[in-house]
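Engineer: One structure follows; several queries about it will come next.
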Amino acid sequence: MPEPGYARRAADALRMLADPTRLNILWALMQGETSVACLADLASTTPTAVSQHLSKLRLAGLVTNRREGNFIFYALADHHIGELVRQALSHADHQVGRTSPHQEHIPTSPSRRPTGRRPSGS
């Protein structure tokens, strides 16, 4: 059995994935760091809503941020977060019968790139 502290932290992280807007934000961040405005566009919501979700995700340790002038850019805290998102979406895909178990349908990254800042190395 995992230690109680680890189980609690894992449950907290999974609880953050229980919102469709947060899943969309994290999915977009799997492509690389980007701004609130770009995330709002990709998640089809307002910058205010994205900021509120990002604040919760940052406090939960799922995303990080950095300031560049007047802009704040967000990124996944580590590769495990992207893997959790990918696995959750893959599981949902199996539940609705679109794919059979162990047949991968969910790609490892979003199909369109954020229009904000490019990931490093691009």
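Just remember, in the structure tokens the first chain shown is A, the second B, etc., residues are 1-based per chain, and ligands are 1-based in the order shown.
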Please provide as number ranges by chain all residues within 8 Å of stretch 43-49 of chain A, with the sequence filter that same-chain residues fewer than 3 positions apart are discarded (counting only C-alpha atoms).

Structural biologist: A: 21, 24-25, 28, 36-37, 39-40, 52-53

Engineer: Residues of the last selection are to be written out with C-alpha atoms, as a short mmCIF file (atom, residue, chain, number, x, y, z; two decimals), in the first residue's frame.

Structural biologist:
data_model
loop_
_atom_site.label_atom_id
_atom_site.label_comp_id
_atom_site.auth_asym_id
_atom_site.auth_seq_id
_atom_site.Cartn_x
_atom_site.Cartn_y
_atom_site.Cartn_z
CA THR A 21 -11.88 22.61 -18.88
CA ASN A 24 -8.45 20.75 -22.09
CA ILE A 25 -5.94 23.17 -20.57
CA ALA A 28 -2.97 22.02 -24.67
CA VAL A 36 -3.47 32.36 -20.76
CA ALA A 37 -4.91 33.99 -23.90
CA LEU A 39 -5.08 28.53 -23.61
CA ALA A 40 -8.45 30.34 -23.50
CA GLN A 52 -8.85 30.51 -12.25
CA HIS A 53 -8.22 26.94 -13.38
#

Engineer: Go through A:Ala7, A:Leu62, A:Cys38, A:Ala92 and flag the residue nearest A:Pro20, using only C-alpha atoms for the distances.

Structural biologist: A:Ala92

Engineer: So that I can check the surroundings of stretch 76-90 of chain A, please list as a list in words every protein, DNA and RNA residue that reaches within 6 Å of it, counting only C-alpha atoms and ignoring chain neighbours fewer than 4 positions away.

Structural biologist: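 Near neighbours after the sequence-gap exclusion: Met30, Leu62, Val63, Thr64 and Ile106 of chain A.
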
Engineer: Restricted to N, CA and C atoms, what would the selected residues look like written as a CSV table (one decimal), in the first residue's frame?

Structural biologist:
chain,number,residue,atom,x,y,z
A,30,MET,N,0.4,20.0,-23.0
A,30,MET,CA,1.2,18.9,-23.4
A,30,MET,C,2.1,19.2,-24.6
A,62,LEU,N,0.5,20.8,-10.6
A,62,LEU,CA,0.4,20.2,-11.9
A,62,LEU,C,1.0,21.1,-13.0
A,63,VAL,N,1.0,22.4,-12.8
A,63,VAL,CA,1.6,23.3,-13.8
A,63,VAL,C,2.6,24.2,-13.1
A,64,THR,N,3.4,24.8,-13.9
A,64,THR,CA,4.4,25.8,-13.4
A,64,THR,C,4.2,27.0,-14.3
A,106,ILE,N,-5.9,7.8,-28.7
A,106,ILE,CA,-5.5,9.1,-28.2
A,106,ILE,C,-4.0,9.4,-28.6

Engineer: Would you return as a list in words the members of stretch 36-69 of chain A that DSSP assigns to helix (DSSP H, G or I) on this structure's backbone?

Structural biologist: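 Of stretch 36-69 of chain A, only Val36, Ala37, Cys38, Leu39, Ala40, Asp41, Leu42, Ala43, Pro47, Thr48, Ala49, Val50, Ser51, Gln52, His53, Leu54, Ser55, Lys56, Leu57, Arg58 and Leu59 of chain A fall in helix (DSSP H, G or I).
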
Engineer: Write out the residues from the selection above, keeping N, CA and C atoms, as a PDB file, in the first residue's frame.

Structural biologist:
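Written out: again-v8.pdb:
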ATOM      1  N   VAL A  36      -2.062  32.484 -21.135  1.00  0.00           N
ATOM      2  CA  VAL A  36      -3.469  32.359 -20.758  1.00  0.00           C
ATOM      3  C   VAL A  36      -4.369  32.618 -21.966  1.00  0.00           C
ATOM      4  N   ALA A  37      -4.068  33.651 -22.743  1.00  0.00           N
ATOM      5  CA  ALA A  37      -4.906  33.989 -23.900  1.00  0.00           C
ATOM      6  C   ALA A  37      -4.949  32.840 -24.898  1.00  0.00           C
ATOM      7  N   CYS A  38      -3.813  32.230 -25.162  1.00  0.00           N
ATOM      8  CA  CYS A  38      -3.761  31.102 -26.087  1.00  0.00           C
ATOM      9  C   CYS A  38      -4.530  29.915 -25.525  1.00  0.00           C
ATOM     10  N   LEU A  39      -4.362  29.639 -24.234  1.00  0.00           N
ATOM     11  CA  LEU A  39      -5.084  28.532 -23.608  1.00  0.00           C
ATOM     12  C   LEU A  39      -6.591  28.766 -23.644  1.00  0.00           C
ATOM     13  N   ALA A  40      -7.020  30.015 -23.448  1.00  0.00           N
ATOM     14  CA  ALA A  40      -8.449  30.338 -23.497  1.00  0.00           C
ATOM     15  C   ALA A  40      -8.997  30.045 -24.886  1.00  0.00           C
ATOM     16  N   ASP A  41      -8.240  30.410 -25.905  1.00  0.00           N
ATOM     17  CA  ASP A  41      -8.659  30.142 -27.281  1.00  0.00           C
ATOM     18  C   ASP A  41      -8.750  28.637 -27.536  1.00  0.00           C
ATOM     19  N   LEU A  42      -7.737  27.905 -27.135  1.00  0.00           N
ATOM     20  CA  LEU A  42      -7.710  26.460 -27.370  1.00  0.00           C
ATOM     21  C   LEU A  42      -8.785  25.720 -26.577  1.00  0.00           C
ATOM     22  N   ALA A  43      -9.063  26.188 -25.354  1.00  0.00           N
ATOM     23  CA  ALA A  43     -10.053  25.524 -24.505  1.00  0.00           C
ATOM     24  C   ALA A  43     -11.458  26.071 -24.727  1.00  0.00           C
ATOM     25  N   PRO A  47     -10.385  34.010 -20.821  1.00  0.00           N
ATOM     26  CA  PRO A  47      -9.109  34.094 -20.091  1.00  0.00           C
ATOM     27  C   PRO A  47      -9.302  34.091 -18.573  1.00  0.00           C
ATOM     28  N   THR A  48     -10.392  34.696 -18.095  1.00  0.00           N
ATOM     29  CA  THR A  48     -10.656  34.709 -16.657  1.00  0.00           C
ATOM     30  C   THR A  48     -10.854  33.298 -16.131  1.00  0.00           C
ATOM     31  N   ALA A  49     -11.639  32.491 -16.843  1.00  0.00           N
ATOM     32  CA  ALA A  49     -11.874  31.104 -16.425  1.00  0.00           C
ATOM     33  C   ALA A  49     -10.571  30.304 -16.463  1.00  0.00           C
ATOM     34  N   VAL A  50      -9.784  30.496 -17.513  1.00  0.00           N
ATOM     35  CA  VAL A  50      -8.505  29.787 -17.626  1.00  0.00           C
ATOM     36  C   VAL A  50      -7.591  30.169 -16.472  1.00  0.00           C
ATOM     37  N   SER A  51      -7.526  31.457 -16.141  1.00  0.00           N
ATOM     38  CA  SER A  51      -6.682  31.910 -15.032  1.00  0.00           C
ATOM     39  C   SER A  51      -7.085  31.256 -13.721  1.00  0.00           C
ATOM     40  N   GLN A  52      -8.375  31.150 -13.480  1.00  0.00           N
ATOM     41  CA  GLN A  52      -8.852  30.514 -12.250  1.00  0.00           C
ATOM     42  C   GLN A  52      -8.462  29.039 -12.215  1.00  0.00           C
ATOM     43  N   HIS A  53      -8.610  28.350 -13.329  1.00  0.00           N
ATOM     44  CA  HIS A  53      -8.222  26.937 -13.383  1.00  0.00           C
ATOM     45  C   HIS A  53      -6.711  26.780 -13.231  1.00  0.00           C
ATOM     46  N   LEU A  54      -5.950  27.644 -13.888  1.00  0.00           N
ATOM     47  CA  LEU A  54      -4.492  27.562 -13.792  1.00  0.00           C
ATOM     48  C   LEU A  54      -4.013  27.805 -12.369  1.00  0.00           C
ATOM     49  N   SER A  55      -4.687  28.690 -11.656  1.00  0.00           N
ATOM     50  CA  SER A  55      -4.326  28.950 -10.258  1.00  0.00           C
ATOM     51  C   SER A  55      -4.479  27.678  -9.427  1.00  0.00           C
ATOM     52  N   LYS A  56      -5.582  26.973  -9.612  1.00  0.00           N
ATOM     53  CA  LYS A  56      -5.804  25.721  -8.893  1.00  0.00           C
ATOM     54  C   LYS A  56      -4.786  24.662  -9.309  1.00  0.00           C
ATOM     55  N   LEU A  57      -4.524  24.568 -10.620  1.00  0.00           N
ATOM     56  CA  LEU A  57      -3.564  23.586 -11.114  1.00  0.00           C
ATOM     57  C   LEU A  57      -2.154  23.881 -10.609  1.00  0.00           C
ATOM     58  N   ARG A  58      -1.808  25.154 -10.508  1.00  0.00           N
ATOM     59  CA  ARG A  58      -0.488  25.538 -10.003  1.00  0.00           C
ATOM     60  C   ARG A  58      -0.360  25.200  -8.523  1.00  0.00           C
ATOM     61  N   LEU A  59      -1.401  25.515  -7.737  1.00  0.00           N
ATOM     62  CA  LEU A  59      -1.378  25.183  -6.309  1.00  0.00           C
ATOM     63  C   LEU A  59      -1.301  23.676  -6.072  1.00  0.00           C
TER      64      LEU A  59
END

Engineer: Taking only C-alpha atoms into account, name the residue in A:Asp19, A:His91, A:Glu33, A:Gly97 that is nearest to A:Arg67.

Structural biologist: A:Glu33

Engineer: Can you tell me how far atom CA of A:Gly32 sits from atom CA of A:Val96, in Å to one decimal?

Structural biologist: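 Separation of atom CA of A:Gly32 and atom CA of A:Val96: 28.7 Å.
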
Engineer: Rounded to one decimal place, report the atom CA of A:Gln31-atom CA of A:Ala13 distance in Å.

Structural biologist: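 A separation of 19.9 Å between them.
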
Engineer: So how many Å separate atom CA of A:Phe71 and atom CA of A:Ser35, to one decimal?

Structural biologist: 7.3 Å
